[in-house]
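Visitor: Okay, here's the structure, questions in a sec.
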Amino acid sequence: MKKSGLLILWLMGVCLNSTALYPKKIKLTYSVTKPKESNGLQLIENQPRQNIFHERNGVKVLAPPPNSDYFERHGLSFRVNGTIPAKTKEMFLIIEHRDENIGLIEVYYDGNVTENTKQPLSSPGYSSASDAVGYTCLGTGKVRRAWFRLNNPAFQHRLTGGTDILMAGVTSLTKIILTDYVSQKEREEIRAEIPVNLTPEITLKNPMQLVTTVGISLNMDEVDKSLARMHEFCPLAKLLGFNGVETYVGWNFAEPDSGRYDWHAYDKIVKKAQAYGLKWFPLLIVGSAYTLPEWYYQSKENVGFKCLEHGISNPVQTIFCDNQVPHVKRFLDEFGQHYEPMDVLLGVRLGPSGNYGESQYPAGGNWGYKGQQMHIHIGWWAADEYAAPHFQRFLQDKYQHIEKLNQAWDEKFLSFTEIQTFIPQFAETKRKRKDFVDWYMGAMSNWCEQWAIWAREALPNTDIYQSAGGWGFVESGTDFTDQTRSMKKVNGGIRATNETDSYAQNFYATRMMSSAARYYGVPFGSEPAGFGSARGVVARIYNILVNNGQHLFYYAPNILNNDQGVEKWLEMAPLLDQRQEPLIEVAALYPDTKSKLDDGVFRHLYSFSFNQRVAALRPHLDFDFCSEQMIRDGALNQYKVLVFLWSDIVEANALTRINQWVQDGGVVIFPYWARMPLGTVEDDYQVYNQWLKGETGKGKVLFDKGDREPPHRYADFIKTQLLKMTQLDPLTQKMLQVEKSTEVYVSALKDGRLAILNYNDQPVQIKLLDGKKIDLRPYSIKLTDKLK
């Protein structure tokens, strides 16, 4: 009895004092301030000591030298010389540092690879910490700590230079401890060191929506983990000047049972963001596979897209029937009723279809139902049972009588109901192929417009943005002009979701949307499609600056997961206060019709004909894209020059408008080539032949009869012709005559200034027409004084 009583008392003591259950057995240290305390951890000194040891405010600290690599983080490297028992399941790294910089601490280590660790194939043993607290640096100047969990450590010196541990993002290290135990109390003390009330480093006087991610999971069953990450990232987001946080709101979590809406998890997210003065900018998703509720997925209403190529379905919901409609409307209504009165929304983004929640058909990215793999590829998703009747109705509305369709298609159908959907590349006439693509893209545009209308009804006082991505390939179904134009009807905006790290790519990927947005008076915003470095941080700021954008989104890693991103952001983002409408007098005809009839225009991401020529011309000047729809709506009246880059097929109604504009005084520049004369879908070359004869009225058509390849030759010809045009604004001429290298880009702004981007690894000096020289550091932006 006495032994049992003692055992019970001992167990009670263990429960009351958890440190008794897991006493510290291993403790290896490295101290910068007290080197004699160092034990078992060795600094790998791959730089002269004077480059890494510093004294700041009387305290000795360790700091990595500056990193010029935009693609890989550098940091402080350590080797573990102390004894770690074999098969140790986890270790903890505690970092003590002076919190002098702003950014993200990341820890990589030599680990035994399991399902819980990540390992690049090129680096055996390379693992990243799986859990952490205190890993954001907030520039407080105080001594702070961070801890990281290292699962399945090996410490066999297999990382670069014989390293076991690499710490990136620490610029004033004082001490590290490697141990097998960190008490809950110590973890909470480290968490408490994270400040809440911070003054933003950037506050714009010309306000706009600056939105980022703050570690919120798609899975609302793990909301507590998301809240813990928000505790880290929200102070950092606010410090960097962001005013909104983005999350995905999935139908599956919002309506777990049919008719029962549950917003409690999202309420927690909103409340946490509010604590830091941040508003919410959610993406609302209903039809994508990964957001389908189980009750709907198991119902007869669940009808996914089916591809024409293989006849295989996926769970992304078809838009060719109305099964989704009542659910979408109810979802948006319930969301609006719950959140709009709370005044927590910075805006919302719509996710009407696609893999992730965008305005397109399935393409890439395998986000299936409950994480399952699904059939997905770029292609034609028009084989489900509702697609053909939908197509037939489109054709009947267009042609009215089957005889007219037969004449246009060179077919012998007896009725519209005989016509089935088909792979358009196999169509035997251009009109048949184009009719199919017009229907396919139009169906997606109409679906997205309906979504926007329903969203506006549900959220009458909230900013609404449509999501448009891809790179222009018609299989996606995304018509950049139509989807931008339709948002005018609901006083909404368009967010391009297709930016990259490259300014040249960003220009040709987003310029159709930004041109249409400015013409139709629709707010423009942008989002990166994936990876981003400091180069992309600057390039994307520039793109918004010279388009007078109103919305800019970054995934947190775009800025934080590289060693230069934060510095570039803090340096360049204040220029967003000087956003301006560009002064643009030259437009390139967007190849709407050509792209629907020729895969070479956009389909292949790294070999598209149009964008190669755009990239060659952009170093000479800033210019718009003008689509056939914009031309039909009268957009040519705002331009003085229309350039044909890769558009030899145009619908007759658009070509008639172009010709009238020329007759009234407009100038066309066209690449003459006997094998690609300018005509209509029905092979009418009358306008082109008139131009060849010089029948251009008050205007001109300038033909380049030089080589079409390489593309820069035609671009040089265009510049030469523009320099001769006295009708162009003096500021346009000054833009054209800046002496600079190819990867320096210039835009003319309506307030009389030039905006200059050096998208280059090297510093450059440019020379203006008046002889003034301007120096630009690598990846930087400058605005000139007013030149007119």
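By order in the structure tokens, chains are A, B, ...; within a chain, residues start at 1; ligands start at 1, following the order shown.
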Residues at most 9 Å from Pro671 of chain A, counting only C-alpha atoms, excluding those fewer than 4 positions away in the same chain, as a PyMOL selection string?

Guide: chain A and resi 643-646+676+702-708+714

Visitor: For Glu45 of chain A, please output as an MDAnalysis selection string all residues within 9 Å (counting only C-alpha atoms; exclusion window: fewer than 5 positions along the same chain).

Guide: chainID A and resid 52 76:78

Visitor: Do a neighbour search on segment 432-438 of chain A at 7 Å with only C-alpha atoms, toss out local chain neighbours closer than 3 positions, and write the hits as a list in words.

Guide: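 After dropping sequence-adjacent residues, the list is Trp409, Pro424, Gln425, Ala427, Thr429, Met441, Gly442, Lys596 and Leu597 of chain A.
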
Visitor: Could you tell me, as a PyMOL selection string, which residues of segment 465-706 of chain A DSSP assigns to strand (DSSP E) when given the backbone?

Guide: chain A and resi 465-468+493-499+524-528+551-554+586-589+624-626+641-643+667-671+700-704

Visitor: Could you write out that same residue set with N, CA and C atoms as a short mmCIF file (atom, residue, chain, number, x, y, z; two decimals), in the first residue's frame?

Guide:
```cif
data_model
loop_
_atom_site.label_atom_id
_atom_site.label_comp_id
_atom_site.auth_asym_id
_atom_site.auth_seq_id
_atom_site.Cartn_x
_atom_site.Cartn_y
_atom_site.Cartn_z
N TYR A 465 -13.60 40.99 -57.43
CA TYR A 465 -12.63 40.78 -58.51
C TYR A 465 -12.86 39.41 -59.13
N GLN A 466 -12.82 39.38 -60.46
CA GLN A 466 -12.82 38.11 -61.19
C GLN A 466 -11.38 37.64 -61.32
N SER A 467 -11.18 36.33 -61.34
CA SER A 467 -9.83 35.74 -61.46
C SER A 467 -9.64 35.23 -62.88
N ALA A 468 -8.65 35.77 -63.59
CA ALA A 468 -8.39 35.33 -64.96
C ALA A 468 -6.93 34.97 -65.12
N GLY A 493 -13.73 44.35 -60.48
CA GLY A 493 -12.39 44.42 -61.02
C GLY A 493 -11.95 43.11 -61.62
N ILE A 494 -10.78 43.13 -62.25
CA ILE A 494 -10.19 41.92 -62.83
C ILE A 494 -8.82 41.70 -62.22
N ARG A 495 -8.55 40.48 -61.79
CA ARG A 495 -7.24 40.15 -61.23
C ARG A 495 -6.57 39.12 -62.13
N ALA A 496 -5.45 39.53 -62.73
CA ALA A 496 -4.65 38.63 -63.56
C ALA A 496 -3.89 37.69 -62.63
N THR A 497 -4.08 36.39 -62.82
CA THR A 497 -3.47 35.40 -61.93
C THR A 497 -2.30 34.70 -62.60
N ASN A 498 -1.63 35.39 -63.54
CA ASN A 498 -0.66 34.69 -64.38
C ASN A 498 0.71 35.37 -64.44
N GLU A 499 1.05 36.16 -63.43
CA GLU A 499 2.37 36.81 -63.47
C GLU A 499 3.46 35.84 -63.03
N PHE A 524 -7.84 47.12 -62.03
CA PHE A 524 -6.94 46.03 -62.44
C PHE A 524 -6.05 45.62 -61.27
N GLY A 525 -5.87 44.32 -61.12
CA GLY A 525 -4.97 43.78 -60.10
C GLY A 525 -4.20 42.60 -60.65
N SER A 526 -3.23 42.11 -59.86
CA SER A 526 -2.42 41.00 -60.36
C SER A 526 -1.99 40.07 -59.25
N GLU A 527 -1.64 38.85 -59.68
CA GLU A 527 -1.25 37.76 -58.77
C GLU A 527 -0.17 36.95 -59.46
N PRO A 528 0.86 36.50 -58.73
CA PRO A 528 1.86 35.62 -59.35
C PRO A 528 1.31 34.21 -59.51
N HIS A 551 -4.97 46.90 -57.20
CA HIS A 551 -4.92 45.68 -56.35
C HIS A 551 -3.64 44.93 -56.67
N LEU A 552 -2.91 44.55 -55.63
CA LEU A 552 -1.66 43.82 -55.82
C LEU A 552 -1.56 42.72 -54.76
N PHE A 553 -1.38 41.50 -55.23
CA PHE A 553 -1.33 40.34 -54.33
C PHE A 553 0.01 39.63 -54.47
N TYR A 554 0.55 39.23 -53.32
CA TYR A 554 1.74 38.38 -53.29
C TYR A 554 1.47 37.19 -52.38
N VAL A 586 0.16 53.73 -79.15
CA VAL A 586 0.39 52.60 -80.05
C VAL A 586 -0.22 51.35 -79.44
N ALA A 587 -0.92 50.60 -80.26
CA ALA A 587 -1.49 49.33 -79.81
C ALA A 587 -1.11 48.22 -80.78
N ALA A 588 -0.97 47.03 -80.25
CA ALA A 588 -0.77 45.84 -81.07
C ALA A 588 -2.11 45.10 -81.16
N LEU A 589 -2.49 44.72 -82.36
CA LEU A 589 -3.73 43.97 -82.53
C LEU A 589 -3.59 42.62 -81.85
N ASP A 624 -0.22 49.09 -75.87
CA ASP A 624 -1.38 48.31 -75.44
C ASP A 624 -1.59 47.13 -76.37
N PHE A 625 -2.44 46.19 -75.92
CA PHE A 625 -3.06 45.21 -76.80
C PHE A 625 -4.48 45.71 -77.07
N CYS A 626 -4.92 45.58 -78.29
CA CYS A 626 -6.28 45.96 -78.65
C CYS A 626 -6.96 44.76 -79.30
N VAL A 641 -1.58 54.57 -83.74
CA VAL A 641 -0.91 53.53 -84.54
C VAL A 641 -1.39 52.17 -84.09
N LEU A 642 -1.69 51.29 -85.05
CA LEU A 642 -2.05 49.91 -84.77
C LEU A 642 -1.02 49.01 -85.44
N VAL A 643 -0.38 48.18 -84.65
CA VAL A 643 0.68 47.29 -85.15
C VAL A 643 0.13 45.88 -85.25
N VAL A 667 -2.84 54.95 -88.54
CA VAL A 667 -1.68 54.35 -89.19
C VAL A 667 -1.57 52.88 -88.76
N VAL A 668 -1.44 52.01 -89.73
CA VAL A 668 -1.22 50.58 -89.51
C VAL A 668 0.21 50.23 -89.92
N ILE A 669 0.87 49.42 -89.11
CA ILE A 669 2.16 48.84 -89.49
C ILE A 669 1.96 47.34 -89.62
N PHE A 670 2.32 46.80 -90.80
CA PHE A 670 2.00 45.41 -91.11
C PHE A 670 3.24 44.70 -91.67
N PRO A 671 3.50 43.47 -91.21
CA PRO A 671 4.65 42.72 -91.72
C PRO A 671 4.29 42.00 -93.03
N LYS A 700 -2.40 55.79 -93.25
CA LYS A 700 -1.31 55.10 -93.92
C LYS A 700 -1.26 53.65 -93.46
N VAL A 701 -0.76 52.81 -94.34
CA VAL A 701 -0.39 51.44 -93.98
C VAL A 701 1.06 51.27 -94.39
N LEU A 702 1.91 51.02 -93.41
CA LEU A 702 3.35 50.87 -93.64
C LEU A 702 3.69 49.39 -93.63
N PHE A 703 4.21 48.88 -94.74
CA PHE A 703 4.54 47.46 -94.85
C PHE A 703 6.03 47.25 -94.61
N ASP A 704 6.34 46.29 -93.77
CA ASP A 704 7.73 45.88 -93.58
C ASP A 704 7.97 44.67 -94.48
#
```

Visitor: Which residues come within 12 Å of Lys34 of chain A, counting only C-alpha atoms, excluding same-chain residues fewer than 3 positions away, as a PyMOL selection string?

Guide: chain A and resi 29-31+37-39+59-61+174-176

Visitor: Hey, can you spit out that residue selection with all heavy atoms as an mmCIF file, in the first residue's frame?

Guide:
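Saved result, part_27.cif, follows:
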```
data_model
loop_
_atom_site.group_PDB
_atom_site.id
_atom_site.type_symbol
_atom_site.label_atom_id
_atom_site.label_comp_id
_atom_site.auth_asym_id
_atom_site.auth_seq_id
_atom_site.Cartn_x
_atom_site.Cartn_y
_atom_site.Cartn_z
ATOM 1 N N THR A 29 25.439 23.566 -27.764
ATOM 2 C CA THR A 29 25.297 25.012 -27.890
ATOM 3 C C THR A 29 26.395 25.606 -28.753
ATOM 4 O O THR A 29 27.482 25.042 -28.911
ATOM 5 C CB THR A 29 25.331 25.697 -26.516
ATOM 6 O OG1 THR A 29 26.619 25.476 -25.925
ATOM 7 C CG2 THR A 29 24.249 25.169 -25.600
ATOM 8 N N TYR A 30 26.068 26.779 -29.285
ATOM 9 C CA TYR A 30 27.074 27.646 -29.904
ATOM 10 C C TYR A 30 26.731 29.063 -29.479
ATOM 11 O O TYR A 30 25.610 29.540 -29.733
ATOM 12 C CB TYR A 30 27.075 27.544 -31.431
ATOM 13 C CG TYR A 30 28.107 28.455 -32.062
ATOM 14 C CD1 TYR A 30 29.404 28.010 -32.295
ATOM 15 C CD2 TYR A 30 27.792 29.771 -32.389
ATOM 16 C CE1 TYR A 30 30.361 28.853 -32.843
ATOM 17 C CE2 TYR A 30 28.747 30.618 -32.940
ATOM 18 C CZ TYR A 30 30.028 30.157 -33.154
ATOM 19 O OH TYR A 30 30.983 30.997 -33.683
ATOM 20 N N SER A 31 27.657 29.738 -28.820
ATOM 21 C CA SER A 31 27.429 31.088 -28.322
ATOM 22 C C SER A 31 28.399 32.053 -28.980
ATOM 23 O O SER A 31 29.613 31.821 -28.978
ATOM 24 C CB SER A 31 27.584 31.140 -26.794
ATOM 25 O OG SER A 31 27.452 32.462 -26.331
ATOM 26 N N GLU A 37 31.173 28.849 -23.792
ATOM 27 C CA GLU A 37 30.001 28.019 -23.500
ATOM 28 C C GLU A 37 29.648 27.095 -24.656
ATOM 29 O O GLU A 37 28.811 26.208 -24.514
ATOM 30 C CB GLU A 37 28.790 28.913 -23.183
ATOM 31 C CG GLU A 37 28.924 29.703 -21.898
ATOM 32 C CD GLU A 37 27.664 30.506 -21.611
ATOM 33 O OE1 GLU A 37 26.706 30.411 -22.414
ATOM 34 O OE2 GLU A 37 27.622 31.215 -20.585
ATOM 35 N N SER A 38 30.274 27.318 -25.814
ATOM 36 C CA SER A 38 29.954 26.508 -26.990
ATOM 37 C C SER A 38 30.325 25.059 -26.761
ATOM 38 O O SER A 38 31.390 24.742 -26.208
ATOM 39 C CB SER A 38 30.683 27.063 -28.218
ATOM 40 O OG SER A 38 30.257 28.386 -28.487
ATOM 41 N N ASN A 39 29.443 24.168 -27.192
ATOM 42 C CA ASN A 39 29.642 22.737 -26.935
ATOM 43 C C ASN A 39 28.932 21.920 -28.003
ATOM 44 O O ASN A 39 27.709 21.916 -28.070
ATOM 45 C CB ASN A 39 29.097 22.384 -25.540
ATOM 46 C CG ASN A 39 29.011 20.877 -25.331
ATOM 47 O OD1 ASN A 39 29.906 20.136 -25.708
ATOM 48 N ND2 ASN A 39 27.912 20.428 -24.734
ATOM 49 N N VAL A 59 27.134 44.619 -28.710
ATOM 50 C CA VAL A 59 26.924 43.172 -28.596
ATOM 51 C C VAL A 59 27.533 42.493 -29.809
ATOM 52 O O VAL A 59 27.298 42.897 -30.953
ATOM 53 C CB VAL A 59 25.424 42.826 -28.489
ATOM 54 C CG1 VAL A 59 25.233 41.318 -28.404
ATOM 55 C CG2 VAL A 59 24.808 43.508 -27.274
ATOM 56 N N LYS A 60 28.301 41.439 -29.563
ATOM 57 C CA LYS A 60 28.894 40.681 -30.647
ATOM 58 C C LYS A 60 27.845 39.756 -31.256
ATOM 59 O O LYS A 60 27.175 39.000 -30.541
ATOM 60 C CB LYS A 60 30.083 39.874 -30.141
ATOM 61 C CG LYS A 60 30.952 39.264 -31.229
ATOM 62 C CD LYS A 60 32.166 38.575 -30.623
ATOM 63 C CE LYS A 60 33.077 38.007 -31.705
ATOM 64 N NZ LYS A 60 34.242 37.307 -31.115
ATOM 65 N N VAL A 61 27.696 39.805 -32.589
ATOM 66 C CA VAL A 61 26.696 38.990 -33.274
ATOM 67 C C VAL A 61 27.327 38.350 -34.495
ATOM 68 O O VAL A 61 28.378 38.770 -34.981
ATOM 69 C CB VAL A 61 25.469 39.824 -33.700
ATOM 70 C CG1 VAL A 61 24.761 40.414 -32.498
ATOM 71 C CG2 VAL A 61 25.859 40.907 -34.696
ATOM 72 N N THR A 174 23.077 35.494 -31.791
ATOM 73 C CA THR A 174 23.881 35.528 -30.563
ATOM 74 C C THR A 174 24.120 34.128 -30.001
ATOM 75 O O THR A 174 25.177 33.875 -29.412
ATOM 76 C CB THR A 174 23.202 36.391 -29.489
ATOM 77 O OG1 THR A 174 21.863 35.901 -29.264
ATOM 78 C CG2 THR A 174 23.145 37.852 -29.933
ATOM 79 N N LYS A 175 23.156 33.207 -30.219
ATOM 80 C CA LYS A 175 23.328 31.881 -29.605
ATOM 81 C C LYS A 175 22.363 30.889 -30.256
ATOM 82 O O LYS A 175 21.265 31.258 -30.659
ATOM 83 C CB LYS A 175 23.044 31.969 -28.098
ATOM 84 C CG LYS A 175 23.293 30.699 -27.310
ATOM 85 C CD LYS A 175 23.006 30.957 -25.824
ATOM 86 C CE LYS A 175 23.291 29.728 -24.981
ATOM 87 N NZ LYS A 175 23.033 29.984 -23.535
ATOM 88 N N ILE A 176 22.770 29.628 -30.359
ATOM 89 C CA ILE A 176 21.846 28.564 -30.735
ATOM 90 C C ILE A 176 22.020 27.392 -29.780
ATOM 91 O O ILE A 176 23.116 27.155 -29.244
ATOM 92 C CB ILE A 176 22.041 28.084 -32.186
ATOM 93 C CG1 ILE A 176 23.455 27.540 -32.420
ATOM 94 C CG2 ILE A 176 21.716 29.188 -33.164
ATOM 95 C CD1 ILE A 176 23.614 26.889 -33.785
#
```

Visitor: Based on the backbone DSSP call, show me all residues of segment 591-695 of chain A assigned helix (DSSP H, G or I), as a PyMOL selection string.

Guide: chain A and resi 592-597+609-617+628-632+635-638+652-663+686-692

Visitor: Rank A:Asn366, A:Asn101, A:Thr784, A:Gln420 by their smallest atom-to-atom distance to Glu567 of chain A, using only C-alpha atoms, and report the top residue only.

Guide: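 Using only C-alpha atoms, Glu567 of chain A sits closest to A:Asn101.
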
Visitor: Give me, as a list in words, all polymer residues having an atom no more than 12 Å from Gly139 of chain A, counting only C-alpha atoms and skipping those fewer than 5 positions away in the same chain.

Guide: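 My reading of the contact set: His97, Arg98, Asp99, Glu100, Asn101, Ile102, Gly103, Leu104, Arg144, Val170, Thr171, Ser172, Ile194, Pro195, Leu198, Thr199, Pro200, Glu201, Pro235, Leu236, Leu239, Leu240 and Val566 of chain A.
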
Visitor: Could you dump the residues just selected with N, CA and C atoms as a tab-separated table (two decimals), in the first residue's frame?

Guide:
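In the end it all went to part26.tsv:
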```tsv
chain	number	residue	atom	x	y	z
A	97	HIS	N	18.58	35.68	-31.08
A	97	HIS	CA	19.11	36.67	-32.01
A	97	HIS	C	18.58	38.06	-31.66
A	98	ARG	N	19.29	39.07	-32.13
A	98	ARG	CA	18.77	40.43	-32.04
A	98	ARG	C	17.87	40.66	-33.25
A	99	ASP	N	16.64	41.04	-32.97
A	99	ASP	CA	15.61	41.15	-34.01
A	99	ASP	C	15.77	42.48	-34.75
A	100	GLU	N	16.76	42.54	-35.64
A	100	GLU	CA	17.08	43.80	-36.30
A	100	GLU	C	16.61	43.87	-37.75
A	101	ASN	N	16.38	42.76	-38.38
A	101	ASN	CA	15.93	42.77	-39.77
A	101	ASN	C	14.46	42.39	-39.85
A	102	ILE	N	13.90	42.47	-41.05
A	102	ILE	CA	12.51	42.08	-41.30
A	102	ILE	C	12.54	40.93	-42.29
A	103	GLY	N	11.91	39.83	-41.93
A	103	GLY	CA	11.93	38.69	-42.84
A	103	GLY	C	11.54	37.40	-42.16
A	104	LEU	N	11.95	36.32	-42.78
A	104	LEU	CA	11.55	34.98	-42.37
A	104	LEU	C	12.78	34.13	-42.10
A	144	ARG	N	15.30	38.21	-29.25
A	144	ARG	CA	14.19	37.29	-29.40
A	144	ARG	C	14.71	35.89	-29.64
A	170	VAL	N	18.60	34.89	-40.46
A	170	VAL	CA	19.08	35.42	-39.18
A	170	VAL	C	20.26	36.34	-39.47
A	171	THR	N	20.13	37.60	-39.13
A	171	THR	CA	21.19	38.56	-39.45
A	171	THR	C	21.96	39.05	-38.23
A	172	SER	N	21.54	38.64	-37.03
A	172	SER	CA	22.25	39.06	-35.81
A	172	SER	C	22.15	37.95	-34.77
A	194	ILE	N	6.61	37.48	-29.67
A	194	ILE	CA	6.19	38.00	-30.96
A	194	ILE	C	5.30	39.22	-30.73
A	195	PRO	N	5.69	40.40	-31.22
A	195	PRO	CA	4.87	41.59	-30.97
A	195	PRO	C	3.59	41.59	-31.79
A	198	LEU	N	2.43	46.82	-34.29
A	198	LEU	CA	3.57	47.30	-35.05
A	198	LEU	C	3.11	48.43	-35.99
A	199	THR	N	3.99	49.36	-36.23
A	199	THR	CA	3.70	50.44	-37.15
A	199	THR	C	4.20	50.05	-38.54
A	200	PRO	N	3.33	50.10	-39.55
A	200	PRO	CA	3.76	49.69	-40.89
A	200	PRO	C	4.94	50.50	-41.39
A	201	GLU	N	5.84	49.82	-42.08
A	201	GLU	CA	6.98	50.49	-42.70
A	201	GLU	C	6.55	51.27	-43.94
A	235	PRO	N	1.67	39.94	-37.99
A	235	PRO	CA	2.49	41.12	-37.66
A	235	PRO	C	3.45	41.48	-38.79
A	236	LEU	N	3.99	40.48	-39.47
A	236	LEU	CA	4.92	40.72	-40.57
A	236	LEU	C	4.19	41.35	-41.75
A	239	LEU	N	3.51	44.96	-40.90
A	239	LEU	CA	4.75	45.71	-40.91
A	239	LEU	C	5.18	46.07	-42.33
A	240	LEU	N	4.94	45.16	-43.26
A	240	LEU	CA	5.33	45.39	-44.65
A	240	LEU	C	4.33	46.26	-45.42
A	566	VAL	N	12.41	41.20	-49.24
A	566	VAL	CA	11.92	42.20	-48.30
A	566	VAL	C	12.58	43.55	-48.57
```

Visitor: Please identify all polymer residues within 10 Å of Val614 of chain A, counting only C-alpha atoms, omitting same-chain residues fewer than 5 positions from it, and present them as a PyMOL selection string.

Guide: chain A and resi 504-505+507-508+588+609+619+623+625+645-646+711-712+715

Visitor: Return the single residue from A:Phe233, A:Trp691, A:Phe608, A:Phe253 that is closest to Gly679 of chain A, with distances computed using only C-alpha atoms.

Guide: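 The answer is A:Trp691, which sits nearest to Gly679 of chain A.
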
Visitor: Might you pull out every residue within 12 Å of Leu395 of chain A, with only C-alpha atoms counted and same-chain residues fewer than 5 positions away left off, and present them as JSON, numbers by chain?

Guide: {"A": [388, 389, 390, 400, 401, 402, 403, 404, 405, 406, 408, 409, 415, 416, 417, 418, 419, 420, 421, 431, 432, 434, 435, 436, 437, 438, 439, 440]}

Visitor: One decimal, Å: what's the distance from atom CA of Gly365 of chain A over to atom CA of Asp592 of chain A, could you say?

Guide: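 According to the coordinates, atom CA of Gly365 of chain A and atom CA of Asp592 of chain A are separated by 25.8 Å.
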
Visitor: Nearest residue to Leu332 of chain A out of A:Ile312, A:Ala455, A:Cys137, A:Ala539, using only C-alpha atoms?

Guide: A:Ala455
